[in-house]
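Working notes, structure below.
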Protein chains: 2
Amino acid sequence: MRKEKLLMTPGPTMLPPEVLSVMGRQIIHHRTEDFTSTLDGLQESLRPVFGTDGPILVFASSGTGGMEAAIANLFSRGEAVLNVSVGAFGERMGRIAEAFGLEVIDLSHEYGEAADVGRAKAALEGDAAGRIKGVLLTHNETSTGVTNDVRAFAALTEGTARLLVVDAISALGGLEMRMGEWGVDCVFAGSQKSLMAPPGLSFTALSEKAWEATRRSDLPKFYWDYGKYRKGITGELAENPPYTPAITLMMAQRAALDLMRAEGLANVYARHARLAKAVRAGAKALGFAVFPDERVSSDIITALTPPEGVKPTELIKAMNDGYDVMVAGGQGKLKGKILRIGHCGYSEADDVLRAISALERASWGVGHRFGPGAGVAAAQREIMGGSA
Amino acid sequence: MRKEKLLMTPGPTMLPPEVLSVMGRQIIHHRTEDFTSTLDGLQESLRPVFGTDGPILVFASSGTGGMEAAIANLFSRGEAVLNVSVGAFGERMGRIAEAFGLEVIDLSHEYGEAADVGRAKAALEGDAAGRIKGVLLTHNETSTGVTNDVRAFAALTEGTARLLVVDAISALGGLEMRMGEWGVDCVFAGSQKSLMAPPGLSFTALSEKAWEATRRSDLPKFYWDYGKYRKGITGELAENPPYTPAITLMMAQRAALDLMRAEGLANVYARHARLAKAVRAGAKALGFAVFPDERVSSDIITALTPPEGVKPTELIKAMNDGYDVMVAGGQGKLKGKILRIGHCGYSEADDVLRAISALERASWGVGHRFGPGAGVAAAQREIMGGSA
């Protein structure tokens with residue numbers, strides 16, 4: 001018998017039944033009270049997740065669209081930005097900034113490292129003329145399984161004219177974000193990672209400083225124009241949102257946020273931390289190493305280096321074909337070198353046990369040897385609070 | 001008892017049960033054979049609808065995103081385009097072109113008129129220096145219920161260096177498009193109109209001449225970059241599509257296209273024409289006038305001027321609140337002047353009868369007088385082939 005495939009990839013993530021049941025409903029029109037209540041509910045539920053009181057802009061787009069929107073709205077042609085990149089998604093943000101004619105000052109790190117606040121501080125201090133208008137940072141770098149210390153970076157830009165722009169595509173909803181309190185200027189996220197909805201939506205929130213920057217920006221945009229979306233929300237524009245929204249996905253996202261609210265945001269974050277510990281413990285017990293330094297290893301995705309002689313691609317195929325658990329390999333430079341287990345969104349202890357069990361059986365299948373059961377036992381000990 | 005609300009708006013349109021059942025399924029990952037087969041199926045099913053052998057680009061976006069992508073990929077800063085506008089959506093395309101720094105030569109028409117090929121021909125002939133690089137045209141102008149003669153416009157640009165860019169957001173799948181045969185260079189469409197899927201996807205196809213233009217374009221883009229999507233489809237890029245796609249919506253769209261294929265495209269178009277005739281006949285029998293000249297009145301949406309003394313807003317409210325049929329009013333300049341009945345996508349004779357019945361009862365309710373049953377009888381005669 002084959003059970004439903006379990007996705008433990010960095011996204012899309014599995015959808016809760018409450019979300020699926022919304023997806024299967026007949027469409028409603030977007031100029032109706034029903035839809036307005038969905039929009040209002042989304043605003044209300046997303047604000048605490050971003051940690052803001054401001055409007056949340058909802059785009060029909062992939063996360064990369066949210067990234068492009070941030071660049072096109074916050075900066076002007078020829079302005080310089082400091083791109084603090086720790087992996088493939090940080091590099092992507094730099095490429096978008098270049099495509100829009102910004103001067104990109106590269107502050108890239110070795111894959112597996114977290115962003116170095118000291119290096120960024122030095123770069124900003126070296127820019128006495130104030131040419132650098134913004135700092136681009138990835139909250140959770142999905143390609144390497146590293147979480148950056150957003151709060152420490154916000155301390156560099158808060159109270160200055162510079163903007164801190166944070167890609168929280170995978171992080172938001174799984175890792176704590178308090179953009180207002182920390183002083184982050186722009187945060188964007190995707191629906192299909194920690195937020196437990198299908199792919200196709202991006203969400204963006206801005207500080208007042210960022211809103212001011214949007215008024216100066218001379219980069220071309222129309223679909224991404226933040227101002228129009230904000231006016232829709234505040235009622236200055238009759239049509240909210242300005243273009244036909246991805247209605248079903250928004251209703252699904254609202255259902256997912258209702259589940260998060262019922263669980264309690266603090267509990268959601270604690271769950272992610274607990275699952276990450278269990279994954280690391282289980283994998284280490286089987287001879288895998290956590291790819292980044294464990295202190296910066298992500299709570300929503302774990303990147304692992306396999307034991308000597310074990311090929312990640314074979315392991316991934318064996319887990320998928322033999323045990324119906326789908327995990328991901330490395331991207332770009334890390335292709336064939338690591339495997340990545342996602343545990344964000346609709347993920348619980350049982351899923352981690354199933355994944356570690358599959359990892360254990362697949363590893364055994366490709367000839368790696370260890371004490372059978374060592375992985376699941378170690379994961380289970382963490383699940384039980386590290387106390388057993 | 002209240003029956004499920006019937007949307008007879010210009011989109012989103014009702015979804016067939018076959019589409020809804022796909023929407024309610026658990027998510028699959030986008031780097032799998034299952035998803036690749038969805039992508040391939042979409043390509044194969046959409047090509048005949050566009051009338052092209054080339055790749056179909058699929059964006060996670062509203063239709064307006066597809067519009068922006070066309071401008072950003074096909075032209076360069078400072079180039080001139082002739083914007084042949086017959087309503088609100090034509091005007092939007094002009095505004096996007098302006099936002100991207102193009103020189104927009106306005107060829108706008110009175111609301112309710114179809115695009116005048118003669119005027120466009122004269123404008124192009126007057127441009128001996130060849131400054132005009134493209135002609136922008138709306139296939140079906142949803143705001144006025146007018147269909148433009150795309151083929152006649154293609155004859156103006158085919159064999160020249162100029163591109164014909166066609167907004168088929170609402171039209172594609174409801175009105176015939178043979179872009180290859182006619183010589184259209186760029187066509188984009190939305191998922192939520194004639195194509196019977198939920199909102200959140202746009203589709204684009206290009207001629208070889210348009211692909212060449214994309215290589216010269218200097219406008220900034222990353223998310224919209226056609227080249228990357230094409231390389232995904234042809235296999236030159238490992239990742240197809242390049243960013244996390246709106247997986248569920250794409251699977252839903254494929255299911256909708258399967259239904260269209262089973263019906264046969266010629267039958268689909270004939271059905272739309274038949275329903276439009278029935279709507280016009282029913283409304284005219286009640287004293288409504290077709291807003292545009294009937295010869296250019298759209299087969300997928302009918303714009304109506306009400307009889308003297310009948311306010312469209314009251315009628316729309318009465319149809320919605322009393323009879324659960326949702327139709328739309330006018331936009332912009334036409335606000336409060338017309339009502340618009342959509343009959344594209346998942347629409348059949350019974351829906352038209354229900355809509356005309358609601359129109360009839362609502363009209364009676366606001367004090368308009370006619371022979372009761374006149375509207376549905378006239379619609380029914382057209383449904384029966386105009387022969388009864």
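Just remember, in the structure tokens the first chain shown is A, the second B, etc., residues are 1-based per chain, and ligands are 1-based in the order shown.
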Pick out the chain A residues within 8 Å of chain B. Count only C-alpha atoms. Give them as a tab-separated table (two decimals) with N, CA and C atoms, in the first residue's frame.
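Wrote part.tsv, looks like this:
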chain	number	residue	atom	x	y	z
A	7	LEU	N	5.27	15.75	1.59
A	7	LEU	CA	6.25	16.73	1.14
A	7	LEU	C	6.97	17.31	2.35
A	11	GLY	N	9.08	23.93	0.27
A	11	GLY	CA	7.88	24.57	-0.27
A	11	GLY	C	7.73	24.20	-1.73
A	12	PRO	N	6.52	23.99	-2.21
A	12	PRO	CA	5.29	24.12	-1.44
A	12	PRO	C	5.21	23.09	-0.32
A	13	THR	N	4.45	23.43	0.70
A	13	THR	CA	4.27	22.52	1.83
A	13	THR	C	2.87	21.93	1.78
A	14	MET	N	2.68	20.87	2.56
A	14	MET	CA	1.38	20.20	2.61
A	14	MET	C	0.31	21.20	3.06
A	15	LEU	N	-0.91	20.96	2.57
A	15	LEU	CA	-2.02	21.86	2.93
A	15	LEU	C	-2.93	21.19	3.94
A	20	LEU	N	-7.78	22.95	2.09
A	20	LEU	CA	-8.23	22.26	0.89
A	20	LEU	C	-9.74	22.40	0.70
A	21	SER	N	-10.47	22.38	1.79
A	21	SER	CA	-11.93	22.44	1.62
A	21	SER	C	-12.36	23.82	1.11
A	22	VAL	N	-11.62	24.86	1.46
A	22	VAL	CA	-11.91	26.19	0.91
A	22	VAL	C	-11.58	26.23	-0.58
A	23	MET	N	-10.47	25.58	-0.94
A	23	MET	CA	-10.04	25.59	-2.34
A	23	MET	C	-11.08	24.95	-3.26
A	24	GLY	N	-11.79	23.96	-2.75
A	24	GLY	CA	-12.74	23.23	-3.59
A	24	GLY	C	-14.10	23.91	-3.73
A	25	ARG	N	-14.26	25.07	-3.09
A	25	ARG	CA	-15.56	25.75	-3.16
A	25	ARG	C	-15.73	26.55	-4.45
A	26	GLN	N	-16.98	26.76	-4.84
A	26	GLN	CA	-17.29	27.56	-6.03
A	26	GLN	C	-16.74	28.98	-5.85
A	27	ILE	N	-16.34	29.59	-6.93
A	27	ILE	CA	-15.74	30.93	-6.90
A	27	ILE	C	-16.76	31.97	-6.43
A	28	ILE	N	-16.27	33.00	-5.76
A	28	ILE	CA	-17.13	34.16	-5.49
A	28	ILE	C	-16.55	35.36	-6.23
A	29	HIS	N	-17.33	36.40	-6.38
A	29	HIS	CA	-16.84	37.58	-7.07
A	29	HIS	C	-16.04	38.45	-6.11
A	59	PHE	N	-0.28	40.41	-3.50
A	59	PHE	CA	-0.11	40.29	-4.95
A	59	PHE	C	-0.41	38.87	-5.42
A	60	ALA	N	-1.04	38.76	-6.58
A	60	ALA	CA	-1.08	37.47	-7.26
A	60	ALA	C	0.27	37.31	-7.93
A	61	SER	N	1.17	36.55	-7.30
A	61	SER	CA	2.52	36.34	-7.84
A	61	SER	C	3.24	35.29	-7.01
A	62	SER	N	4.34	34.78	-7.55
A	62	SER	CA	5.26	33.97	-6.77
A	62	SER	C	6.01	34.89	-5.81
A	63	GLY	N	6.77	34.30	-4.90
A	63	GLY	CA	7.58	35.09	-3.98
A	63	GLY	C	8.55	36.00	-4.73
A	64	THR	N	9.09	35.51	-5.84
A	64	THR	CA	10.03	36.30	-6.63
A	64	THR	C	9.38	37.59	-7.14
A	65	GLY	N	8.09	37.54	-7.40
A	65	GLY	CA	7.36	38.74	-7.78
A	65	GLY	C	7.36	39.75	-6.64
A	68	GLU	N	10.70	41.41	-6.64
A	68	GLU	CA	10.81	42.42	-7.70
A	68	GLU	C	10.03	43.67	-7.33
A	96	ILE	N	17.98	40.97	-9.29
A	96	ILE	CA	16.81	41.81	-9.58
A	96	ILE	C	17.20	43.29	-9.46
A	99	ALA	N	19.03	44.23	-12.48
A	99	ALA	CA	18.14	44.33	-13.64
A	99	ALA	C	17.41	45.66	-13.65
A	100	PHE	N	17.17	46.23	-12.48
A	100	PHE	CA	16.46	47.51	-12.39
A	100	PHE	C	17.41	48.71	-12.35
A	101	GLY	N	18.69	48.45	-12.65
A	101	GLY	CA	19.62	49.56	-12.80
A	101	GLY	C	20.16	50.11	-11.50
A	198	PRO	N	-1.56	27.40	-0.74
A	198	PRO	CA	-0.96	27.03	-2.02
A	198	PRO	C	-0.11	28.17	-2.58
A	199	PRO	N	0.80	27.87	-3.50
A	199	PRO	CA	1.61	28.93	-4.10
A	199	PRO	C	0.78	29.83	-5.01
A	200	GLY	N	1.21	31.08	-5.15
A	200	GLY	CA	0.54	32.00	-6.05
A	200	GLY	C	0.24	33.36	-5.45
A	220	PRO	N	10.22	51.98	-13.20
A	220	PRO	CA	8.92	51.72	-13.81
A	220	PRO	C	8.19	50.55	-13.15
A	221	LYS	N	6.92	50.75	-12.90
A	221	LYS	CA	6.06	49.66	-12.40
A	221	LYS	C	4.61	50.08	-12.58
A	222	PHE	N	3.76	49.12	-12.67
A	222	PHE	CA	2.32	49.39	-12.73
A	222	PHE	C	1.63	48.29	-11.92
A	223	TYR	N	1.82	47.05	-12.35
A	223	TYR	CA	1.22	45.93	-11.62
A	223	TYR	C	1.72	45.90	-10.18
A	243	TYR	N	-6.63	45.07	-9.18
A	243	TYR	CA	-6.83	44.12	-10.29
A	243	TYR	C	-7.45	42.84	-9.74
A	244	THR	N	-8.06	42.05	-10.64
A	244	THR	CA	-8.70	40.81	-10.19
A	244	THR	C	-7.73	40.00	-9.34
A	245	PRO	N	-8.05	39.79	-8.08
A	245	PRO	CA	-7.13	39.06	-7.20
A	245	PRO	C	-7.28	37.54	-7.38
A	246	ALA	N	-6.32	36.82	-6.85
A	246	ALA	CA	-6.39	35.36	-6.87
A	246	ALA	C	-7.32	34.93	-5.72
A	247	ILE	N	-8.61	35.11	-5.95
A	247	ILE	CA	-9.66	35.00	-4.93
A	247	ILE	C	-9.55	33.71	-4.09
A	248	THR	N	-9.50	32.57	-4.79
A	248	THR	CA	-9.50	31.29	-4.09
A	248	THR	C	-8.28	31.16	-3.19
Can you check which residues of region 11-240 of chain A DSSP gives as strand (DSSP E or B) on the backbone and send them as an MDAnalysis selection string?
chainID A and resid 57:60 80:85 103:108 132:138 140:141 146:147 163:167 172 175 186:190 201:206
Those residues you just picked out, can you put them in a file as an mmCIF file, in the first residue's frame with C-alpha atoms?
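Heads up, here's the output in again_8.cif:
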data_model
loop_
_atom_site.group_PDB
_atom_site.id
_atom_site.type_symbol
_atom_site.label_atom_id
_atom_site.label_comp_id
_atom_site.auth_asym_id
_atom_site.auth_seq_id
_atom_site.Cartn_x
_atom_site.Cartn_y
_atom_site.Cartn_z
ATOM 1 C CA LEU A 57 -0.304 44.247 0.259
ATOM 2 C CA VAL A 58 -1.405 41.051 -1.465
ATOM 3 C CA PHE A 59 -0.114 40.294 -4.953
ATOM 4 C CA ALA A 60 -1.082 37.472 -7.260
ATOM 5 C CA ALA A 80 23.276 51.843 -4.436
ATOM 6 C CA VAL A 81 22.150 48.925 -2.262
ATOM 7 C CA LEU A 82 24.165 46.597 -0.042
ATOM 8 C CA ASN A 83 23.191 43.038 -0.907
ATOM 9 C CA VAL A 84 23.891 40.831 2.094
ATOM 10 C CA SER A 85 23.653 37.448 0.450
ATOM 11 C CA GLU A 103 24.327 49.690 -8.164
ATOM 12 C CA VAL A 104 24.651 46.483 -6.183
ATOM 13 C CA ILE A 105 27.385 46.357 -3.573
ATOM 14 C CA ASP A 106 27.898 42.686 -2.978
ATOM 15 C CA LEU A 107 28.340 41.430 0.564
ATOM 16 C CA SER A 108 28.093 37.747 -0.091
ATOM 17 C CA ILE A 132 23.889 53.173 0.007
ATOM 18 C CA LYS A 133 20.140 53.616 0.198
ATOM 19 C CA GLY A 134 19.185 50.144 1.292
ATOM 20 C CA VAL A 135 20.347 46.853 2.768
ATOM 21 C CA LEU A 136 18.926 43.675 1.232
ATOM 22 C CA LEU A 137 18.754 40.647 3.518
ATOM 23 C CA THR A 138 17.257 37.160 3.436
ATOM 24 C CA ASN A 140 15.696 32.441 5.986
ATOM 25 C CA GLU A 141 17.997 31.299 3.185
ATOM 26 C CA VAL A 146 20.490 29.303 7.399
ATOM 27 C CA THR A 147 18.519 31.892 9.379
ATOM 28 C CA LEU A 163 16.034 50.946 4.314
ATOM 29 C CA LEU A 164 16.273 47.352 5.506
ATOM 30 C CA VAL A 165 14.525 45.121 2.959
ATOM 31 C CA VAL A 166 13.923 41.565 4.129
ATOM 32 C CA ASP A 167 13.057 38.567 1.998
ATOM 33 C CA LEU A 172 7.170 34.414 7.590
ATOM 34 C CA LEU A 175 10.073 32.349 12.313
ATOM 35 C CA CYS A 186 10.068 46.147 4.017
ATOM 36 C CA VAL A 187 9.178 42.500 4.472
ATOM 37 C CA PHE A 188 7.736 40.233 1.805
ATOM 38 C CA ALA A 189 6.580 36.634 2.069
ATOM 39 C CA GLY A 190 5.105 33.801 0.014
ATOM 40 C CA LEU A 201 0.387 34.833 -3.514
ATOM 41 C CA SER A 202 2.985 37.199 -2.111
ATOM 42 C CA PHE A 203 2.461 39.501 0.859
ATOM 43 C CA THR A 204 4.304 42.732 1.621
ATOM 44 C CA ALA A 205 4.393 45.169 4.528
ATOM 45 C CA LEU A 206 6.267 48.470 4.818
#
If we count only C-alpha atoms and set the cut-off at 10 Å, which residues sit around Lys209 (chain B), ignoring sequence neighbours fewer than 6 positions away in its own chain? Please answer as an mmCIF file with N, CA and C atoms, in the first residue's frame.
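Here's the written file result26.cif:
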data_model
loop_
_atom_site.group_PDB
_atom_site.id
_atom_site.type_symbol
_atom_site.label_atom_id
_atom_site.label_comp_id
_atom_site.auth_asym_id
_atom_site.auth_seq_id
_atom_site.Cartn_x
_atom_site.Cartn_y
_atom_site.Cartn_z
ATOM 1 N N LEU B 74 8.795 43.590 -24.801
ATOM 2 C CA LEU B 74 8.780 43.765 -26.259
ATOM 3 C C LEU B 74 9.359 45.089 -26.725
ATOM 4 N N GLU B 158 1.553 42.795 -40.217
ATOM 5 C CA GLU B 158 2.248 41.615 -40.723
ATOM 6 C C GLU B 158 3.171 41.994 -41.875
ATOM 7 N N GLY B 159 4.368 41.428 -41.829
ATOM 8 C CA GLY B 159 5.328 41.724 -42.885
ATOM 9 C C GLY B 159 6.042 43.057 -42.679
ATOM 10 N N THR B 160 5.700 43.785 -41.629
ATOM 11 C CA THR B 160 6.416 45.028 -41.297
ATOM 12 C C THR B 160 7.251 44.750 -40.043
ATOM 13 N N ALA B 161 8.011 45.757 -39.633
ATOM 14 C CA ALA B 161 8.819 45.580 -38.422
ATOM 15 C C ALA B 161 7.985 45.800 -37.160
ATOM 16 N N ARG B 162 6.757 46.261 -37.334
ATOM 17 C CA ARG B 162 5.913 46.578 -36.174
ATOM 18 C C ARG B 162 5.275 45.334 -35.563
ATOM 19 N N LEU B 163 5.070 45.426 -34.261
ATOM 20 C CA LEU B 163 4.449 44.312 -33.545
ATOM 21 C C LEU B 163 2.979 44.611 -33.258
ATOM 22 N N GLY B 183 -1.100 36.460 -38.037
ATOM 23 C CA GLY B 183 0.093 37.301 -37.927
ATOM 24 C C GLY B 183 0.088 38.224 -36.718
ATOM 25 N N VAL B 184 -0.474 37.738 -35.615
ATOM 26 C CA VAL B 184 -0.440 38.521 -34.370
ATOM 27 C C VAL B 184 0.872 38.185 -33.654
ATOM 28 N N ASP B 185 1.489 39.196 -33.022
ATOM 29 C CA ASP B 185 2.829 38.983 -32.470
ATOM 30 C C ASP B 185 2.859 38.626 -30.992
ATOM 31 N N CYS B 186 1.922 39.141 -30.236
ATOM 32 C CA CYS B 186 1.892 38.833 -28.810
ATOM 33 C C CYS B 186 0.446 38.812 -28.351
#
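Picture a line from CA of Gly174 (chain A) to CA of Gln253 (chain A); it runs 14.6 Å.
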Residue contacts of Leu39 (chain B) (10 Å, only C-alpha atoms) excluding same-chain residues fewer than 3 positions away, as a list in words:
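Within the cut-off, the hits are His30, Glu33, Asp34, Phe35, Thr36, Leu42, Gln43, Glu44, Ser45, Ile56, Val58, Ile233, Asn240, Pro241, Ile247, Met250, Met251 and Arg254 of chain B.
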Counting only C-alpha atoms, which residue out of A:Lys3, A:Lys335, A:His343, A:Lys277 sits closest to Thr144 (chain A)?
A:Lys335
Hey, which of A:Ala168, A:Gly173, A:Glu113, A:Thr157 ends up closest to Gly264 (chain A)? Count only C-alpha atoms.
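Smallest separation from Gly264 (chain A) among the options: A:Gly173.
Counting only C-alpha atoms, Ala379 (chain B) has the following residues at most 7 Å away, ignoring those fewer than 3 positions along the same chain: B:Ala278, B:Val279, B:Ala281, B:Gly282, B:Leu353, B:Gly375, B:Val376, B:Glu382, B:Ile383.
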Who sits within 12 Å of Arg274 (chain B), only C-alpha atoms, same chain under 2 positions skipped, as a VMD selection string
chain B and resid 174 267 to 272 276 to 281 298 to 300 343 to 344 347 to 349 352 379 to 386
DSSP alpha helix (DSSP H) selection over region 86-225 of chain A, as JSON, numbers by chain:
{"A": [88, 89, 90, 91, 92, 93, 94, 95, 96, 97, 98, 99, 117, 118, 119, 120, 121, 122, 123, 124, 125, 150, 151, 152, 153, 154, 155, 156, 157, 179, 180, 181, 182, 208, 209, 210, 211, 212, 213, 214, 215, 216]}
Gly309 (chain A): which residues within 10 Å, counting only C-alpha atoms, same-chain residues fewer than 6 positions away excluded, as an MDAnalysis selection string?
chainID A and resid 366:368
